[in-house]
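J.: Okay, handing you the structure first.
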Amino acid sequence: MASSTQEHHLHHLPTPYGTTTAPPPTPSAHSNHNHNLLSTSEAADSLSRLLHRIPPTLSLSFPGRRQSPPSTTISPPLISLSDAKSILHSNLLSAAKQHGFFQLTQHSISSHLAQSAESESASIFNDEKQLCFPKNWPLGFDNDDDDDDDFVCGRSLCLDESSSMELGFSSIHEFTSQMEKLGLELIEELACAVGFENPVGEDRTRFCSLMWISESESGSSNMPLSPGRVYPYVVGLNYQIRCRKYSMLADSGWISVAPQVDSVMVTLGDIAQVWSNGKVKKVRGRPVPITNGEINSSSNNSHYVSLTLLVTLAHENTVSPLLPIKLPSLGAVLNKEDDDGLGDNDSTTIAVEEESPMFNSFSFEDYAWRVYHARLNIKDPLVRYRV
């Protein structure tokens, strides 16, 4: 699934002249001038491909530290799957274009299954035998040892559906399966609401689902847990077992939200934004629980476990805007009757207007590797792909 990490490291070869000073010209070098030009061109192409995959944290950009989430907490827009299709699509389009997130009610996920998956997840971090878990990125443990005063440090584990089954986590496996089914249904409804053809469908070769399990012990500080690694996705789903506040990095900046109990908080990711050609807003990364953010809770010390499912793409995919065709308001063809009343019609064809793409196409694997190895507070990685 993943490329070897050795592909993504720069190797600096030492020279007796230092890293920035060119060697003095020699007759040998002069006689091979044409050969050197060819070698330089090939090296430049190779370097260009390599630089494309360097994460922003290795560049010369030094972003400032993020500000604390705003003190005001908002309630995400409510959307019910039981509404008529016209109402559902209208509400979905409004929430997607204005916010990039919402809370879903009248869904198929049971609270008992969500609680069982959470209990099973808590036991994972009590088990010191981590060697049995997968280690091919993005799967496996991500022990967050980053010294960042903006976050409460924690650990996270990423599992796909097959690995959770192989490891014997039956509740997590079933929870992942049910959340994936709901996520695919939402992608279909989103495609209908925005107006593009769903490129995923139920083709297992086009997408994959990743369950991100995060935990942390927190004290009395009102701070978000560390977001850990970030991975690009289409939609993210987080079942609300209890009243809890979250911090999220939306297009408008860091915000604080408090979804209802038993709802599923849904976030739209960067892939959904590209597919919609910039029509919908996005949330970068996963919603981050705020320590001591449980509403009506008097506990000063809590053990936090959060499960977020990301419906994302297989590495082999290419990401590009899915452009709809805009038809003129009066139709593509206007028929005009002759004044003689004989019924002969002249058909005048009006050219359709095609929407211009806002993003260039890009390799999902290259983009995923770049985002995964970058800090969340770096600038929006989609900026480099904008037309």
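A note on labels: chains of the structure tokens are A, B, ... as shown, every chain counts residues from 1, and ligands are counted from 1 in their shown order.
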So which residues of range 161-325 of chain A fall under helix (DSSP H, G or I) by DSSP, listed as a PDB file with N, CA and C atoms, in the first residue's frame?
T.:
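As a result, states35.pdb now contains:
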ATOM      1  N   GLU A 161     -10.039  -1.646   8.263  1.00  0.00           N
ATOM      2  CA  GLU A 161     -11.035  -2.650   8.630  1.00  0.00           C
ATOM      3  C   GLU A 161     -10.423  -4.037   8.744  1.00  0.00           C
ATOM      4  N   SER A 162      -9.512  -4.368   7.845  1.00  0.00           N
ATOM      5  CA  SER A 162      -8.922  -5.704   7.862  1.00  0.00           C
ATOM      6  C   SER A 162      -8.012  -5.905   9.066  1.00  0.00           C
ATOM      7  N   SER A 163      -7.219  -4.872   9.422  1.00  0.00           N
ATOM      8  CA  SER A 163      -6.309  -5.028  10.558  1.00  0.00           C
ATOM      9  C   SER A 163      -7.060  -5.126  11.876  1.00  0.00           C
ATOM     10  N   SER A 164      -8.176  -4.419  12.029  1.00  0.00           N
ATOM     11  CA  SER A 164      -8.953  -4.526  13.266  1.00  0.00           C
ATOM     12  C   SER A 164      -9.552  -5.921  13.407  1.00  0.00           C
ATOM     13  N   MET A 165      -9.906  -6.527  12.287  1.00  0.00           N
ATOM     14  CA  MET A 165     -10.436  -7.888  12.328  1.00  0.00           C
ATOM     15  C   MET A 165      -9.333  -8.892  12.643  1.00  0.00           C
ATOM     16  N   GLU A 166      -8.170  -8.718  12.018  1.00  0.00           N
ATOM     17  CA  GLU A 166      -7.054  -9.631  12.248  1.00  0.00           C
ATOM     18  C   GLU A 166      -6.554  -9.577  13.684  1.00  0.00           C
ATOM     19  N   SER A 170     -13.357  -7.106  17.688  1.00  0.00           N
ATOM     20  CA  SER A 170     -14.635  -7.333  17.006  1.00  0.00           C
ATOM     21  C   SER A 170     -15.535  -6.102  17.032  1.00  0.00           C
ATOM     22  N   SER A 171     -15.577  -5.402  18.171  1.00  0.00           N
ATOM     23  CA  SER A 171     -16.446  -4.224  18.264  1.00  0.00           C
ATOM     24  C   SER A 171     -15.923  -3.089  17.384  1.00  0.00           C
ATOM     25  N   ILE A 172     -14.599  -2.881  17.402  1.00  0.00           N
ATOM     26  CA  ILE A 172     -14.013  -1.847  16.554  1.00  0.00           C
ATOM     27  C   ILE A 172     -14.232  -2.180  15.081  1.00  0.00           C
ATOM     28  N   HIS A 173     -14.091  -3.459  14.745  1.00  0.00           N
ATOM     29  CA  HIS A 173     -14.288  -3.887  13.350  1.00  0.00           C
ATOM     30  C   HIS A 173     -15.719  -3.625  12.896  1.00  0.00           C
ATOM     31  N   GLU A 174     -16.700  -3.993  13.716  1.00  0.00           N
ATOM     32  CA  GLU A 174     -18.099  -3.780  13.345  1.00  0.00           C
ATOM     33  C   GLU A 174     -18.430  -2.284  13.319  1.00  0.00           C
ATOM     34  N   PHE A 175     -17.902  -1.543  14.268  1.00  0.00           N
ATOM     35  CA  PHE A 175     -18.126  -0.096  14.302  1.00  0.00           C
ATOM     36  C   PHE A 175     -17.542   0.568  13.059  1.00  0.00           C
ATOM     37  N   THR A 176     -16.338   0.158  12.671  1.00  0.00           N
ATOM     38  CA  THR A 176     -15.716   0.675  11.453  1.00  0.00           C
ATOM     39  C   THR A 176     -16.555   0.384  10.228  1.00  0.00           C
ATOM     40  N   SER A 177     -17.071  -0.852  10.158  1.00  0.00           N
ATOM     41  CA  SER A 177     -17.888  -1.258   9.010  1.00  0.00           C
ATOM     42  C   SER A 177     -19.167  -0.435   8.908  1.00  0.00           C
ATOM     43  N   GLN A 178     -19.837  -0.219  10.043  1.00  0.00           N
ATOM     44  CA  GLN A 178     -21.091   0.534  10.040  1.00  0.00           C
ATOM     45  C   GLN A 178     -20.854   2.021   9.753  1.00  0.00           C
ATOM     46  N   MET A 179     -19.794   2.567  10.300  1.00  0.00           N
ATOM     47  CA  MET A 179     -19.482   3.974  10.044  1.00  0.00           C
ATOM     48  C   MET A 179     -19.062   4.171   8.585  1.00  0.00           C
ATOM     49  N   GLU A 180     -18.342   3.207   8.023  1.00  0.00           N
ATOM     50  CA  GLU A 180     -17.965   3.292   6.610  1.00  0.00           C
ATOM     51  C   GLU A 180     -19.206   3.291   5.718  1.00  0.00           C
ATOM     52  N   LYS A 181     -20.155   2.433   6.031  1.00  0.00           N
ATOM     53  CA  LYS A 181     -21.398   2.374   5.261  1.00  0.00           C
ATOM     54  C   LYS A 181     -22.122   3.714   5.302  1.00  0.00           C
ATOM     55  N   LEU A 182     -22.162   4.329   6.473  1.00  0.00           N
ATOM     56  CA  LEU A 182     -22.795   5.641   6.611  1.00  0.00           C
ATOM     57  C   LEU A 182     -22.015   6.702   5.838  1.00  0.00           C
ATOM     58  N   GLY A 183     -20.685   6.623   5.901  1.00  0.00           N
ATOM     59  CA  GLY A 183     -19.855   7.588   5.187  1.00  0.00           C
ATOM     60  C   GLY A 183     -20.049   7.527   3.686  1.00  0.00           C
ATOM     61  N   LEU A 184     -20.146   6.320   3.140  1.00  0.00           N
ATOM     62  CA  LEU A 184     -20.364   6.168   1.695  1.00  0.00           C
ATOM     63  C   LEU A 184     -21.738   6.710   1.296  1.00  0.00           C
ATOM     64  N   GLU A 185     -22.725   6.526   2.168  1.00  0.00           N
ATOM     65  CA  GLU A 185     -24.058   7.079   1.899  1.00  0.00           C
ATOM     66  C   GLU A 185     -24.007   8.609   1.874  1.00  0.00           C
ATOM     67  N   LEU A 186     -23.240   9.195   2.781  1.00  0.00           N
ATOM     68  CA  LEU A 186     -23.126  10.651   2.819  1.00  0.00           C
ATOM     69  C   LEU A 186     -22.389  11.196   1.600  1.00  0.00           C
ATOM     70  N   ILE A 187     -21.377  10.462   1.125  1.00  0.00           N
ATOM     71  CA  ILE A 187     -20.667  10.902  -0.078  1.00  0.00           C
ATOM     72  C   ILE A 187     -21.612  10.927  -1.268  1.00  0.00           C
ATOM     73  N   GLU A 188     -22.475   9.928  -1.372  1.00  0.00           N
ATOM     74  CA  GLU A 188     -23.450   9.886  -2.471  1.00  0.00           C
ATOM     75  C   GLU A 188     -24.416  11.057  -2.370  1.00  0.00           C
ATOM     76  N   GLU A 189     -24.915  11.331  -1.167  1.00  0.00           N
ATOM     77  CA  GLU A 189     -25.848  12.441  -0.987  1.00  0.00           C
ATOM     78  C   GLU A 189     -25.151  13.783  -1.232  1.00  0.00           C
ATOM     79  N   LEU A 190     -23.899  13.891  -0.821  1.00  0.00           N
ATOM     80  CA  LEU A 190     -23.151  15.123  -1.057  1.00  0.00           C
ATOM     81  C   LEU A 190     -22.948  15.361  -2.550  1.00  0.00           C
ATOM     82  N   ALA A 191     -22.633  14.289  -3.284  1.00  0.00           N
ATOM     83  CA  ALA A 191     -22.451  14.418  -4.728  1.00  0.00           C
ATOM     84  C   ALA A 191     -23.736  14.901  -5.395  1.00  0.00           C
ATOM     85  N   CYS A 192     -24.859  14.357  -4.955  1.00  0.00           N
ATOM     86  CA  CYS A 192     -26.148  14.791  -5.512  1.00  0.00           C
ATOM     87  C   CYS A 192     -26.448  16.240  -5.154  1.00  0.00           C
ATOM     88  N   ALA A 193     -26.127  16.626  -3.922  1.00  0.00           N
ATOM     89  CA  ALA A 193     -26.432  17.984  -3.476  1.00  0.00           C
ATOM     90  C   ALA A 193     -25.572  19.019  -4.191  1.00  0.00           C
ATOM     91  N   VAL A 194     -24.283  18.724  -4.356  1.00  0.00           N
ATOM     92  CA  VAL A 194     -23.366  19.685  -4.972  1.00  0.00           C
ATOM     93  C   VAL A 194     -23.476  19.657  -6.487  1.00  0.00           C
ATOM     94  N   ASP A 270     -10.307  17.603   2.569  1.00  0.00           N
ATOM     95  CA  ASP A 270      -9.700  18.286   1.430  1.00  0.00           C
ATOM     96  C   ASP A 270     -10.057  17.638   0.097  1.00  0.00           C
ATOM     97  N   ILE A 271     -10.239  16.322   0.082  1.00  0.00           N
ATOM     98  CA  ILE A 271     -10.598  15.649  -1.168  1.00  0.00           C
ATOM     99  C   ILE A 271     -11.999  16.061  -1.607  1.00  0.00           C
ATOM    100  N   ALA A 272     -12.922  16.177  -0.666  1.00  0.00           N
ATOM    101  CA  ALA A 272     -14.275  16.637  -0.996  1.00  0.00           C
ATOM    102  C   ALA A 272     -14.240  18.053  -1.537  1.00  0.00           C
ATOM    103  N   GLN A 273     -13.367  18.887  -0.998  1.00  0.00           N
ATOM    104  CA  GLN A 273     -13.279  20.267  -1.489  1.00  0.00           C
ATOM    105  C   GLN A 273     -12.767  20.322  -2.923  1.00  0.00           C
ATOM    106  N   VAL A 274     -11.787  19.479  -3.240  1.00  0.00           N
ATOM    107  CA  VAL A 274     -11.281  19.450  -4.611  1.00  0.00           C
ATOM    108  C   VAL A 274     -12.329  18.895  -5.553  1.00  0.00           C
ATOM    109  N   TRP A 275     -12.989  17.804  -5.165  1.00  0.00           N
ATOM    110  CA  TRP A 275     -14.040  17.224  -6.011  1.00  0.00           C
ATOM    111  C   TRP A 275     -15.112  18.262  -6.333  1.00  0.00           C
TER     112      TRP A 275
END
J.: Compile a residue-level contact table for range 185-253 of chain A against range 105-121 of chain A at a cut-off of 12 Å, reporting for every qualifying residue the shortest atom pair and its distance in Å to one decimal, with only C-alpha atoms counted, rows ordered by chain and ascending number, as CSV.
T.:
residue,atom,partner,partner_atom,distance
A:Glu185,CA,A:His107,CA,10.5
A:Leu186,CA,A:His107,CA,10.7
A:Met211,CA,A:Ser121,CA,10.7
A:Trp212,CA,A:Ser121,CA,10.2
A:Ile213,CA,A:Ser121,CA,7.0
A:Ser214,CA,A:Ser121,CA,8.7
A:Glu215,CA,A:Ser121,CA,8.9
A:Leu237,CA,A:Ile109,CA,11.1
A:Asn238,CA,A:Ala114,CA,9.9
A:Tyr239,CA,A:Ala114,CA,7.0
A:Gln240,CA,A:Ala114,CA,8.6
A:Ile241,CA,A:Ser111,CA,6.9
A:Arg242,CA,A:Gln115,CA,10.0
J.: Using only C-alpha atoms, which protein or nucleic acid residues come within 7 Å of Val257 in chain A? Drop anything in the same chain fewer than 6 positions from it, and give the result as a PyMOL selection string.
T.: chain A and resi 73-76+245-247
J.: Suppose you want the space between CA of Val200 in chain A and CA of Ser252 in chain A; what is it in Å?
T.: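 These atoms are spaced 28.0 Å apart.
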J.: Just want the 10 Å neighbourhood of Leu323 in chain A, counted on only C-alpha atoms, with same-chain residues fewer than 2 positions away dropped. Output as a list of chain:residue names.
T.: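 Non-adjacent residues within range: A:Gly195, A:Phe196, A:Glu197, A:Trp275, A:Ser276, A:Asn277, A:Ser320, A:Pro321, A:Ile325, A:Lys326, A:Glu354, A:Glu355, A:Ser356, A:Pro357, A:Met358.
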J.: Would you output that residue set with N, CA, C and O atoms, as a CSV table (one decimal), in the first residue's frame?
T.:
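As written to disk, result-v5.csv reads:
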chain,number,residue,atom,x,y,z
A,195,GLY,N,-23.7,18.5,-7.1
A,195,GLY,CA,-23.9,18.4,-8.5
A,195,GLY,C,-22.7,17.7,-9.2
A,195,GLY,O,-22.4,18.2,-10.3
A,196,PHE,N,-22.1,16.7,-8.7
A,196,PHE,CA,-21.1,16.0,-9.4
A,196,PHE,C,-21.3,14.5,-9.3
A,196,PHE,O,-22.0,14.0,-8.3
A,197,GLU,N,-20.8,13.7,-10.2
A,197,GLU,CA,-20.9,12.3,-10.1
A,197,GLU,C,-20.0,11.7,-9.1
A,197,GLU,O,-18.8,12.0,-9.0
A,275,TRP,N,-13.0,17.8,-5.2
A,275,TRP,CA,-14.0,17.2,-6.0
A,275,TRP,C,-15.1,18.3,-6.3
A,275,TRP,O,-15.6,18.3,-7.5
A,276,SER,N,-15.5,19.1,-5.3
A,276,SER,CA,-16.6,20.1,-5.5
A,276,SER,C,-16.0,21.3,-6.3
A,276,SER,O,-16.8,22.2,-6.5
A,277,ASN,N,-14.8,21.3,-6.6
A,277,ASN,CA,-14.1,22.5,-7.3
A,277,ASN,C,-14.2,23.7,-6.4
A,277,ASN,O,-14.4,24.8,-6.9
A,320,SER,N,-8.8,15.2,-8.7
A,320,SER,CA,-9.1,16.3,-9.6
A,320,SER,C,-10.5,16.8,-9.4
A,320,SER,O,-11.4,16.1,-8.9
A,321,PRO,N,-10.8,18.1,-9.8
A,321,PRO,CA,-12.2,18.6,-9.7
A,321,PRO,C,-13.1,17.8,-10.6
A,321,PRO,O,-12.7,17.4,-11.7
A,325,ILE,N,-21.5,20.4,-15.8
A,325,ILE,CA,-21.7,21.3,-17.0
A,325,ILE,C,-22.9,22.3,-16.6
A,325,ILE,O,-23.9,21.8,-16.2
A,326,LYS,N,-22.6,23.5,-16.8
A,326,LYS,CA,-23.7,24.5,-16.5
A,326,LYS,C,-24.5,24.7,-17.8
A,326,LYS,O,-24.0,25.1,-18.8
A,354,GLU,N,-18.9,25.7,-19.6
A,354,GLU,CA,-18.2,24.8,-18.8
A,354,GLU,C,-17.5,25.5,-17.6
A,354,GLU,O,-16.9,26.6,-17.8
A,355,GLU,N,-17.6,24.9,-16.4
A,355,GLU,CA,-17.0,25.5,-15.3
A,355,GLU,C,-15.5,25.4,-15.3
A,355,GLU,O,-14.9,24.3,-15.6
A,356,SER,N,-14.7,26.4,-14.9
A,356,SER,CA,-13.3,26.3,-14.9
A,356,SER,C,-12.8,25.7,-13.7
A,356,SER,O,-13.3,25.9,-12.6
A,357,PRO,N,-11.8,24.8,-13.8
A,357,PRO,CA,-11.3,24.1,-12.6
A,357,PRO,C,-10.5,25.1,-11.7
A,357,PRO,O,-9.8,25.9,-12.2
A,358,MET,N,-10.7,24.9,-10.4
A,358,MET,CA,-9.9,25.7,-9.4
A,358,MET,C,-8.7,25.0,-8.9
A,358,MET,O,-7.8,25.6,-8.3
J.: Can you tell me, as a PyMOL selection string, what residues are no more than 12 Å from Ala368 in chain A when counting only C-alpha atoms, ignoring any on the same chain fewer than 5 positions away?
T.: chain A and resi 2-3+52-55+137-138+229-233+270-271+285+312-319+362-363+373-374+381-382
J.: Excluding Gln103 in chain A and its own-chain neighbours fewer than 2 positions away, which residues fall within 9 Å of it when counting only C-alpha atoms? Please give them as a PyMOL selection string.
T.: chain A and resi 75-80+101+105+259-260+263-267
J.: Let's see if you can do this: from backbone DSSP, list all strand (DSSP E or B) residues in range 86-290 of chain A, as an NGL selection string.
T.: :A and (101-105 or 140-143 or 152 or 155-160 or 207-218 or 224-225 or 235-239 or 244-250 or 253-257 or 264-268 or 283-290)
J.: So what do you get for CA of Lys281 in chain A versus CA of Asp251 in chain A, distance-wise?
T.: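 Distance between the two atoms: 6.4 Å.
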